[in-house]
$ cat my_file.cif   # mmCIF, C-alpha atoms
data_data
loop_
_atom_site.label_atom_id
_atom_site.label_comp_id
_atom_site.auth_asym_id
_atom_site.auth_seq_id
_atom_site.Cartn_x
_atom_site.Cartn_y
_atom_site.Cartn_z
CA MET Z 257 0.00 0.00 0.00
CA ARG Z 258 2.80 2.41 0.87
CA SER Z 259 4.59 1.60 -2.38
CA ASP Z 260 1.35 2.27 -4.29
CA ARG Z 261 1.03 5.68 -2.64
CA LEU Z 262 4.63 6.53 -3.50
CA ARG Z 263 4.12 5.41 -7.09
CA ASN Z 264 0.93 7.42 -7.51
CA ALA Z 265 2.46 10.50 -5.91
CA SER Z 266 5.47 10.22 -8.22
CA LEU Z 267 3.31 9.85 -11.33
CA PHE Z 268 1.07 12.73 -10.22
CA THR Z 269 4.11 14.96 -9.75
CA LEU Z 270 5.54 13.87 -13.10
CA LEU Z 271 2.25 14.67 -14.85
CA ALA Z 272 2.17 18.14 -13.29
CA LEU Z 273 5.78 18.71 -14.38
CA VAL Z 274 5.16 17.51 -17.93
CA TRP Z 275 1.99 19.54 -18.42
CA GLY Z 276 3.37 22.57 -16.59
CA THR Z 277 6.56 22.72 -18.65
CA SER Z 278 4.52 22.41 -21.85
CA TYR Z 279 3.59 26.10 -21.60
CA PRO Z 280 7.19 27.38 -21.85
CA ALA Z 281 7.74 24.82 -24.63
CA ILE Z 282 4.83 26.35 -26.54
CA GLU Z 283 6.41 29.75 -26.08
CA VAL Z 284 9.66 28.51 -27.62
CA GLY Z 285 7.88 27.15 -30.70
CA LEU Z 286 5.80 30.29 -31.20
CA ARG Z 287 8.98 32.28 -31.80
CA SER Z 288 9.46 30.71 -35.23
CA LEU Z 289 6.15 29.03 -36.17
CA PRO Z 290 2.60 30.36 -36.63
CA PRO Z 291 0.45 29.31 -33.64
CA MET Z 292 -2.09 27.03 -35.33
CA LEU Z 293 0.49 25.43 -37.63
CA PHE Z 294 2.65 24.70 -34.57
CA ALA Z 295 -0.33 23.11 -32.79
CA ALA Z 296 -1.19 21.08 -35.90
CA LEU Z 297 2.35 19.72 -36.19
CA ARG Z 298 2.29 18.82 -32.51
CA TYR Z 299 -0.75 16.62 -33.02
CA ASP Z 300 0.53 15.15 -36.28
CA VAL Z 301 3.41 13.68 -34.30
CA ALA Z 302 1.27 12.81 -31.26
CA SER Z 303 -1.28 10.92 -33.37
CA ALA Z 304 1.51 8.94 -35.06
CA VAL Z 305 2.91 7.97 -31.66
CA LEU Z 306 -0.52 6.97 -30.33
CA PHE Z 307 -1.42 4.93 -33.43
CA GLY Z 308 1.94 3.19 -33.08
CA TYR Z 309 1.02 2.29 -29.51
CA VAL Z 310 -2.39 1.01 -30.63
CA LEU Z 311 -0.76 -1.27 -33.20
CA VAL Z 312 1.92 -2.58 -30.84
CA ALA Z 313 -0.59 -3.17 -28.03
CA GLY Z 314 -2.95 -5.01 -30.37
CA ARG Z 315 -5.89 -2.74 -29.57
CA ARG Z 316 -8.89 -2.25 -31.83
CA ARG Z 317 -7.82 0.18 -34.54
CA TRP Z 318 -11.10 1.71 -35.72
CA PRO Z 319 -14.27 3.13 -34.21
CA ALA Z 320 -16.98 0.60 -35.02
CA THR Z 321 -20.27 2.37 -34.31
CA ARG Z 322 -21.85 5.70 -35.16
CA ALA Z 323 -21.60 6.73 -31.50
CA GLU Z 324 -17.86 5.98 -31.46
CA TRP Z 325 -17.27 8.03 -34.62
CA ARG Z 326 -19.31 10.91 -33.22
CA SER Z 327 -17.37 10.78 -29.97
CA VAL Z 328 -13.94 10.98 -31.62
CA ALA Z 329 -15.21 13.63 -34.06
CA ILE Z 330 -16.41 15.85 -31.21
CA GLY Z 331 -13.15 15.27 -29.39
CA GLY Z 332 -11.10 16.08 -32.47
CA VAL Z 333 -12.97 19.27 -33.34
CA LEU Z 334 -13.47 20.69 -29.83
CA LEU Z 335 -11.06 19.03 -27.38
CA ILE Z 336 -8.08 19.23 -29.75
CA GLY Z 337 -8.85 21.46 -32.74
CA LEU Z 338 -10.57 24.55 -31.35
CA HIS Z 339 -9.15 24.12 -27.84
CA PHE Z 340 -5.54 24.24 -28.97
CA ALA Z 341 -6.12 26.75 -31.77
CA PHE Z 342 -7.35 29.27 -29.20
CA ALA Z 343 -4.73 28.18 -26.64
CA PHE Z 344 -1.73 28.65 -28.94
CA LEU Z 345 -3.12 31.92 -30.34
CA GLY Z 346 -3.71 33.20 -26.82
CA GLN Z 347 -0.27 32.31 -25.54
CA ALA Z 348 1.25 34.45 -28.29
CA TYR Z 349 0.04 37.45 -26.25
CA VAL Z 350 0.70 36.42 -22.65
CA SER Z 351 3.21 34.60 -20.45
CA SER Z 352 3.33 30.89 -19.67
CA ALA Z 353 1.97 31.53 -16.17
CA ILE Z 354 -1.06 33.48 -17.37
CA SER Z 355 -1.85 30.83 -20.00
CA ALA Z 356 -1.76 28.05 -17.42
CA VAL Z 357 -3.84 30.04 -14.92
CA ILE Z 358 -6.62 30.80 -17.41
CA LEU Z 359 -6.75 27.22 -18.69
CA SER Z 360 -7.03 25.97 -15.11
CA LEU Z 361 -10.53 27.42 -15.37
CA THR Z 362 -11.61 24.48 -17.56
CA PRO Z 363 -12.84 22.06 -14.84
CA VAL Z 364 -14.71 24.95 -13.22
CA VAL Z 365 -16.73 26.07 -16.25
CA THR Z 366 -17.43 22.54 -17.51
CA PRO Z 367 -20.42 21.92 -15.19
CA ALA Z 368 -21.97 25.20 -16.35
CA PHE Z 369 -22.35 23.69 -19.83
CA ALA Z 370 -23.67 20.43 -18.39
CA VAL Z 371 -26.78 22.36 -17.33
CA PRO Z 372 -28.15 23.17 -20.82
CA LEU Z 373 -26.52 20.28 -22.71
CA LEU Z 374 -27.10 17.41 -20.26
CA ARG Z 375 -29.99 18.96 -18.31
CA GLU Z 376 -28.11 18.73 -15.05
CA ARG Z 377 -28.57 20.94 -12.01
CA LEU Z 378 -25.88 22.76 -10.09
CA SER Z 379 -25.75 23.15 -6.33
CA PRO Z 380 -25.57 26.68 -4.89
CA PRO Z 381 -21.88 26.22 -3.92
CA ALA Z 382 -21.08 25.15 -7.48
CA ILE Z 383 -22.81 28.21 -8.92
CA GLY Z 384 -20.89 30.40 -6.49
CA GLY Z 385 -17.65 28.65 -7.44
CA ILE Z 386 -18.19 29.33 -11.15
CA VAL Z 387 -18.91 33.01 -10.52
CA LEU Z 388 -15.86 33.27 -8.25
CA ALA Z 389 -13.62 31.64 -10.85
CA LEU Z 390 -14.82 34.07 -13.52
CA CYS Z 391 -13.89 36.90 -11.17
CA GLY Z 392 -10.41 35.37 -11.01
CA VAL Z 393 -10.20 35.51 -14.81
CA ALA Z 394 -11.15 39.19 -14.71
CA VAL Z 395 -8.36 39.86 -12.19
CA VAL Z 396 -5.77 38.21 -14.46
CA ALA Z 397 -7.13 39.66 -17.70
CA ASN Z 398 -7.19 43.36 -17.03
CA PRO Z 399 -5.39 44.48 -13.86
CA THR Z 400 -4.69 47.98 -15.23
CA GLY Z 401 -7.93 48.63 -17.11
CA ALA Z 402 -6.05 49.09 -20.40
CA LEU Z 403 -7.22 47.50 -23.65
CA ASP Z 404 -4.00 45.76 -24.66
CA GLY Z 405 -2.61 42.49 -25.96
CA ARG Z 406 -2.91 40.84 -22.57
CA LEU Z 407 -6.69 41.22 -22.68
CA ILE Z 408 -6.79 39.70 -26.18
CA GLY Z 409 -4.66 36.77 -25.04
CA VAL Z 410 -6.80 36.07 -21.99
CA GLY Z 411 -9.93 36.27 -24.16
CA LEU Z 412 -8.54 33.69 -26.57
CA LEU Z 413 -7.48 31.42 -23.70
CA PHE Z 414 -10.94 31.71 -22.17
CA CYS Z 415 -12.40 30.60 -25.52
CA SER Z 416 -9.98 27.65 -25.38
CA ALA Z 417 -11.29 26.64 -21.95
CA VAL Z 418 -14.89 26.97 -23.18
CA ALA Z 419 -14.20 24.82 -26.26
CA PHE Z 420 -12.76 22.07 -24.07
CA ALA Z 421 -15.64 22.31 -21.60
CA VAL Z 422 -18.29 22.06 -24.33
CA GLY Z 423 -16.45 19.18 -25.98
CA SER Z 424 -16.22 17.36 -22.66
CA VAL Z 425 -19.94 17.68 -22.01
CA LEU Z 426 -20.93 16.64 -25.54
CA SER Z 427 -18.59 13.64 -25.36
CA ALA Z 428 -20.34 12.52 -22.18
CA ARG Z 429 -23.46 11.81 -24.25
CA PHE Z 430 -21.79 8.83 -25.92
CA ASP Z 431 -21.23 5.62 -23.99
CA THR Z 432 -18.80 3.61 -26.13
CA LEU Z 433 -16.57 0.56 -25.77
CA LEU Z 434 -13.77 2.02 -27.88
CA PRO Z 435 -10.40 1.51 -26.11
CA LEU Z 436 -9.09 4.76 -24.66
CA SER Z 437 -5.83 4.57 -26.60
CA THR Z 438 -7.69 4.13 -29.89
CA ALA Z 439 -10.10 6.92 -29.06
CA GLN Z 440 -7.24 9.26 -28.20
CA ALA Z 441 -5.34 8.37 -31.37
CA TRP Z 442 -8.33 9.16 -33.59
CA THR Z 443 -9.15 12.28 -31.60
CA THR Z 444 -5.63 13.65 -32.05
CA LEU Z 445 -5.61 12.77 -35.76
CA ILE Z 446 -8.92 14.55 -36.38
CA GLY Z 447 -7.78 17.46 -34.21
CA ALA Z 448 -4.58 17.79 -36.23
CA GLY Z 449 -6.67 17.94 -39.41
CA VAL Z 450 -8.87 20.69 -37.95
CA LEU Z 451 -5.78 22.67 -36.91
CA HIS Z 452 -4.24 22.33 -40.38
CA LEU Z 453 -7.52 23.55 -41.90
CA LEU Z 454 -7.66 26.58 -39.61
CA SER Z 455 -3.99 27.31 -40.21
CA GLY Z 456 -4.50 27.12 -43.98
CA LEU Z 457 -7.43 29.54 -43.78
CA PHE Z 458 -5.96 32.13 -41.44
CA GLU Z 459 -2.15 31.81 -41.40
CA PRO Z 460 0.66 32.00 -43.96
CA SER Z 461 1.36 28.71 -45.68
CA PRO Z 462 4.40 26.69 -44.59
CA ALA Z 463 6.05 27.62 -47.90
CA ALA Z 464 5.48 31.31 -47.17
CA VAL Z 465 6.91 30.91 -43.66
CA LEU Z 466 10.07 29.35 -45.10
CA ALA Z 467 10.28 32.01 -47.82
CA VAL Z 468 10.41 34.96 -45.41
CA GLY Z 469 12.68 33.47 -42.75
CA PRO Z 470 15.06 30.69 -41.80
CA GLY Z 471 12.21 28.38 -40.81
CA PRO Z 472 11.76 26.59 -37.49
CA SER Z 473 14.72 26.81 -35.17
CA ILE Z 474 16.33 23.78 -33.56
CA ASP Z 475 14.78 24.90 -30.27
CA ALA Z 476 11.33 25.01 -31.90
CA LEU Z 477 11.74 21.48 -33.28
CA LEU Z 478 12.86 20.21 -29.87
CA ALA Z 479 9.86 21.93 -28.28
CA LEU Z 480 7.60 20.30 -30.88
CA GLY Z 481 8.98 16.86 -30.08
CA TYR Z 482 8.61 17.43 -26.35
CA LEU Z 483 5.02 18.63 -26.68
CA ALA Z 484 3.99 15.80 -29.00
CA ILE Z 485 5.70 12.88 -27.27
CA ALA Z 486 5.96 13.87 -23.60
CA ALA Z 487 3.07 16.28 -23.02
CA SER Z 488 0.50 14.76 -25.41
CA ALA Z 489 1.19 11.02 -25.79
CA GLY Z 490 3.03 10.59 -22.48
CA GLY Z 491 0.61 12.84 -20.61
CA PHE Z 492 -2.29 10.75 -21.91
CA VAL Z 493 -0.75 7.55 -20.52
CA LEU Z 494 0.01 9.15 -17.14
CA TYR Z 495 -3.41 10.77 -16.83
CA PHE Z 496 -5.44 7.63 -17.44
CA ASP Z 497 -3.16 5.52 -15.25
CA LEU Z 498 -3.77 7.96 -12.39
CA LEU Z 499 -7.46 8.19 -13.20
CA HIS Z 500 -7.72 4.43 -12.71
CA GLU Z 501 -5.69 4.45 -9.49
CA LEU Z 502 -6.90 7.63 -7.78
CA GLY Z 503 -10.25 8.56 -9.26
CA PRO Z 504 -11.39 11.71 -11.07
CA SER Z 505 -11.52 14.13 -8.15
CA GLU Z 506 -7.92 13.65 -7.08
CA VAL Z 507 -6.55 13.64 -10.63
CA SER Z 508 -8.36 16.90 -11.45
CA LEU Z 509 -6.17 18.61 -8.85
CA VAL Z 510 -3.26 18.41 -11.31
CA SER Z 511 -4.87 21.40 -13.06
CA TYR Z 512 -3.84 23.49 -10.05
CA LEU Z 513 -0.23 22.34 -9.92
CA THR Z 514 0.50 22.94 -13.60
CA PRO Z 515 0.20 26.77 -13.34
CA ILE Z 516 2.76 26.74 -10.52
CA VAL Z 517 5.15 24.64 -12.62
CA ALA Z 518 4.51 26.85 -15.67
CA ALA Z 519 5.14 30.05 -13.70
CA VAL Z 520 8.38 28.81 -12.14
CA THR Z 521 9.65 27.36 -15.43
CA GLY Z 522 8.79 30.54 -17.34
CA TRP Z 523 10.62 32.59 -14.73
CA LEU Z 524 13.71 30.37 -14.79
CA ALA Z 525 13.86 29.97 -18.58
CA PHE Z 526 12.73 33.37 -19.84
CA GLY Z 527 12.73 35.69 -16.84
CA GLU Z 528 8.94 36.05 -17.01
CA ALA Z 529 7.62 38.07 -14.09
CA ILE Z 530 5.19 36.39 -11.71
CA THR Z 531 2.92 39.31 -10.86
CA GLY Z 532 0.74 39.72 -7.82
CA THR Z 533 -2.41 39.92 -9.96
CA THR Z 534 -1.58 36.62 -11.65
CA VAL Z 535 -1.10 34.93 -8.27
CA LEU Z 536 -4.30 36.51 -6.92
CA GLY Z 537 -6.29 35.46 -9.98
CA PHE Z 538 -5.01 31.91 -9.67
CA CYS Z 539 -5.99 31.77 -5.99
CA VAL Z 540 -9.48 33.04 -6.80
CA ILE Z 541 -9.94 30.47 -9.59
CA ALA Z 542 -8.66 27.69 -7.28
CA ALA Z 543 -11.13 28.82 -4.61
CA GLY Z 544 -13.90 28.62 -7.20
CA PHE Z 545 -12.80 25.10 -8.09
CA SER Z 546 -12.93 24.07 -4.43
CA LEU Z 547 -16.57 25.18 -4.29
CA VAL Z 548 -17.49 23.35 -7.49
CA GLU Z 549 -15.78 20.19 -6.22
CA LEU Z 550 -16.82 20.70 -2.59
CA ARG Z 551 -18.30 17.27 -1.95
CA PRO Z 552 -15.53 15.10 -3.46
CA LEU Z 553 -12.83 17.27 -1.89
CA HIS Z 554 -14.50 16.86 1.49
CA GLY Z 555 -14.38 13.12 0.95
CA LEU Z 556 -10.67 13.28 0.21
CA LEU Z 557 -9.87 15.45 3.21
CA THR Z 558 -11.72 13.12 5.58
CA ARG Z 559 -9.60 10.22 4.27
CA ARG Z 560 -12.36 8.03 2.91
CA ARG Z 561 -11.18 4.92 1.22
CA ARG Z 562 -10.53 5.47 -2.48
CA HIS Z 563 -12.80 2.74 -3.79
CA ALA Z 564 -15.64 3.75 -1.49
CA VAL Z 565 -15.42 7.29 -2.84
CA ALA Z 566 -15.46 6.01 -6.42
CA ARG Z 567 -18.57 3.93 -5.80
CA ARG Z 568 -20.42 6.65 -3.96
CA TYR Z 569 -19.83 9.30 -6.62
CA THR Z 570 -20.85 7.29 -9.66
CA ASP Z 571 -24.52 7.12 -8.74
CA SER Z 572 -27.47 8.89 -10.34
CA TYR Z 573 -26.62 12.13 -8.57
CA THR Z 574 -23.47 12.75 -10.60
CA VAL Z 575 -22.43 13.56 -14.13
CA ALA Z 576 -18.99 12.43 -15.32
CA VAL Z 577 -17.31 14.82 -17.75
CA ALA Z 578 -13.78 14.42 -19.12
CA GLY Z 579 -12.44 12.71 -16.03
CA ASN Z 580 -14.18 15.02 -13.54
CA ARG Z 581 -17.43 14.41 -11.68
CA TYR Z 582 -19.90 17.20 -11.02
CA TYR Z 583 -22.85 17.09 -8.69
CA LYS Z 584 -26.47 18.01 -9.15
#
$ encode --input "my_file.cif" --output "structure tokens"
Amino acid sequence: MRSDRLRNASLFTLLALVWGTSYPAIEVGLRSLPPMLFAALRYDVASAVLFGYVLVAGRRRWPATRAEWRSVAIGGVLLIGLHFAFAFLGQAYVSSAISAVILSLTPVVTPAFAVPLLRERLSPPAIGGIVLALCGVAVVANPTGALDGRLIGVGLLFCSAVAFAVGSVLSARFDTLLPLSTAQAWTTLIGAGVLHLLSGLFEPSPAAVLAVGPGPSIDALLALGYLAIAASAGGFVLYFDLLHELGPSEVSLVSYLTPIVAAVTGWLAFGEAITGTTVLGFCVIAAGFSLVELRPLHGLLTRRRRHAVARRYTDSYTVAVAGNRYYK
């Protein structure tokens, strides 16, 4: 039991480090690649890695039913395509820390979309938590009241969080037997296609990028490899391993370690300032999350047995969305 706890704590920390350092890696790539093209290339490589894993592991290679195709299509368009298009565009305007803080809003706003799309109800604490988290976004977005690039970046990142939240809720409508690795491989492949389409519509072509400059730097290519293999494919393996071992409520807490890792890494690597308003906004968003997840967090703090918690919170009073459970 003690060895299991040490293993899970180590994997949890590793996941936070991998996802947290992905924000500075994005910043490196954005110096020499257009945002959506960079995101598309990331998921080209990630999908190839994941399909390789599917083949080696002998998993089912294709979605077999209409529900499975719809599920991976929604995931590809919203969870990968639009989510990362907005995320990479937004980070072109703001620091790694601000990007991570705004995207930590995702598990807070997700239950808000479960109300109209899944006809769920929110408890008063959850409603208060969502409002509080939005106040945290306002603190980060516009501390001076000026209409500048920071506000544009935060707006794009907020759209990224919304795209992921909507995709998570819509995906919850489909109960499929598709292996997770196969689903993730197809989701990343479709997402890469969406990102290439958006890049082709709104950004210079790769040929034009090469014509006006030296092309991607070695640092950008290394960042691309890190994001595709470690943060995307490796992060997927770590996340679902921890989801199986710990349950959704505990794993969702990684969203609140990644901004800390991103802020420290951005400061060490690029000298990015960690401002008081960014820290305050993060604390307000985290407080909002604690209200949304009040019941499962209470269960964790009172040391209930892990499997008892999992059984209790998968009854008819919950809705499971993208690895998080929200309460009516």
$ resolve_selection --input "my_file.cif" --expression "the PyMOL selection byres ((chain Z and resi 478-480) around 12)" --output "MDAnalysis selection string"
chainID Z and resid 277:289 291 293:302 472:477 481:488
$ residues_around --input "my_file.cif" --residues "Val507 of chain Z" --least-positions-apart "5" --cutoff "7 Å" --atoms "all atoms listed in the file" --output "VMD selection string"
chain Z and resid 498 to 499 502
$ residues_around --input "my_file.cif" --residues "segment 524-530 of chain Z" --least-positions-apart "5" --cutoff "9 Å" --atoms "all atoms listed in the file" --output "PyMOL selection string"
chain Z and resi 280+351-354+519+535
$ atom_distance --input "my_file.cif" --atom1 "atom CA of Trp523 of chain Z" --atom2 "atom CA of Ser360 of chain Z"
18.9 Å
$ closest_residue --input "my_file.cif" --among "Z:Leu407, Z:Val510, Z:Ala265, Z:Val422" --to "Pro367 of chain Z" --atoms "all atoms listed in the file"
Z:Val422
$ residues_around --input "my_file.cif" --residues "Leu433 of chain Z" --least-positions-apart "2" --cutoff "8 Å" --atoms "all atoms listed in the file" --output "list of chain:residue names"
Z:Glu324, Z:Asp431, Z:Pro435
$ closest_residue --input "my_file.cif" --among "Z:Ile336, Z:Leu436, Z:Val371, Z:Ala419" --to "Asp497 of chain Z" --atoms "all atoms listed in the file"
Z:Leu436
$ residues_around --input "my_file.cif" --residues "Ile446 of chain Z" --least-positions-apart "6" --cutoff "12 Å" --atoms "only C-alpha atoms" --output "NGL selection string"
:Z and (296 or 299-300 or 302-304 or 325-338 or 439-440 or 452-453)
$ resolve_selection --input "my_file.cif" --expression "the PyMOL selection byres ((chain Z and resi 346) around 10)" --output "VMD selection string"
chain Z and resid 291 340 to 345 347 to 351 354 to 355 405 to 416
$ atom_distance --input "my_file.cif" --atom1 "atom CA of Ala518 of chain Z" --atom2 "atom CA of Gly385 of chain Z"
23.7 Å
$ closest_residue --input "my_file.cif" --among "Z:Gly490, Z:Thr438, Z:Val520, Z:Ala464" --to "Leu311 of chain Z" --atoms "only C-alpha atoms"
Z:Thr438
$ build_atoms --input "my_file.cif" --residues "segment 335-350 of chain Z" --atoms "N, CA and C atoms" --output "PDB file, in the frame of the given file"
ATOM      1  N   LEU Z 335     -12.062  19.263 -28.420  1.00  0.00           N
ATOM      2  CA  LEU Z 335     -11.060  19.030 -27.380  1.00  0.00           C
ATOM      3  C   LEU Z 335      -9.631  19.232 -27.885  1.00  0.00           C
ATOM      4  N   ILE Z 336      -9.413  19.017 -29.181  1.00  0.00           N
ATOM      5  CA  ILE Z 336      -8.080  19.230 -29.750  1.00  0.00           C
ATOM      6  C   ILE Z 336      -8.086  20.453 -30.679  1.00  0.00           C
ATOM      7  N   GLY Z 337      -8.900  20.429 -31.722  1.00  0.00           N
ATOM      8  CA  GLY Z 337      -8.850  21.460 -32.740  1.00  0.00           C
ATOM      9  C   GLY Z 337      -9.060  22.872 -32.221  1.00  0.00           C
ATOM     10  N   LEU Z 338     -10.277  23.188 -31.803  1.00  0.00           N
ATOM     11  CA  LEU Z 338     -10.570  24.550 -31.350  1.00  0.00           C
ATOM     12  C   LEU Z 338      -9.869  24.868 -30.032  1.00  0.00           C
ATOM     13  N   HIS Z 339      -9.801  23.889 -29.136  1.00  0.00           N
ATOM     14  CA  HIS Z 339      -9.150  24.120 -27.840  1.00  0.00           C
ATOM     15  C   HIS Z 339      -7.712  24.597 -28.029  1.00  0.00           C
ATOM     16  N   PHE Z 340      -6.943  23.878 -28.830  1.00  0.00           N
ATOM     17  CA  PHE Z 340      -5.540  24.240 -28.970  1.00  0.00           C
ATOM     18  C   PHE Z 340      -5.313  25.366 -29.973  1.00  0.00           C
ATOM     19  N   ALA Z 341      -6.231  25.572 -30.903  1.00  0.00           N
ATOM     20  CA  ALA Z 341      -6.120  26.750 -31.770  1.00  0.00           C
ATOM     21  C   ALA Z 341      -6.197  28.016 -30.927  1.00  0.00           C
ATOM     22  N   PHE Z 342      -7.216  28.100 -30.077  1.00  0.00           N
ATOM     23  CA  PHE Z 342      -7.350  29.270 -29.200  1.00  0.00           C
ATOM     24  C   PHE Z 342      -6.205  29.347 -28.188  1.00  0.00           C
ATOM     25  N   ALA Z 343      -5.778  28.184 -27.664  1.00  0.00           N
ATOM     26  CA  ALA Z 343      -4.730  28.180 -26.640  1.00  0.00           C
ATOM     27  C   ALA Z 343      -3.403  28.700 -27.197  1.00  0.00           C
ATOM     28  N   PHE Z 344      -3.008  28.217 -28.368  1.00  0.00           N
ATOM     29  CA  PHE Z 344      -1.730  28.650 -28.940  1.00  0.00           C
ATOM     30  C   PHE Z 344      -1.806  30.102 -29.406  1.00  0.00           C
ATOM     31  N   LEU Z 345      -2.955  30.514 -29.965  1.00  0.00           N
ATOM     32  CA  LEU Z 345      -3.120  31.920 -30.340  1.00  0.00           C
ATOM     33  C   LEU Z 345      -3.045  32.818 -29.114  1.00  0.00           C
ATOM     34  N   GLY Z 346      -3.697  32.391 -28.035  1.00  0.00           N
ATOM     35  CA  GLY Z 346      -3.710  33.200 -26.820  1.00  0.00           C
ATOM     36  C   GLY Z 346      -2.346  33.334 -26.189  1.00  0.00           C
ATOM     37  N   GLN Z 347      -1.574  32.242 -26.197  1.00  0.00           N
ATOM     38  CA  GLN Z 347      -0.270  32.310 -25.540  1.00  0.00           C
ATOM     39  C   GLN Z 347       0.714  33.191 -26.309  1.00  0.00           C
ATOM     40  N   ALA Z 348       0.400  33.512 -27.555  1.00  0.00           N
ATOM     41  CA  ALA Z 348       1.250  34.450 -28.290  1.00  0.00           C
ATOM     42  C   ALA Z 348       1.211  35.850 -27.681  1.00  0.00           C
ATOM     43  N   TYR Z 349       0.207  36.123 -26.840  1.00  0.00           N
ATOM     44  CA  TYR Z 349       0.040  37.450 -26.250  1.00  0.00           C
ATOM     45  C   TYR Z 349       0.434  37.528 -24.781  1.00  0.00           C
ATOM     46  N   VAL Z 350       0.499  36.391 -24.096  1.00  0.00           N
ATOM     47  CA  VAL Z 350       0.700  36.420 -22.650  1.00  0.00           C
ATOM     48  C   VAL Z 350       1.794  35.444 -22.245  1.00  0.00           C
TER      49      VAL Z 350
END
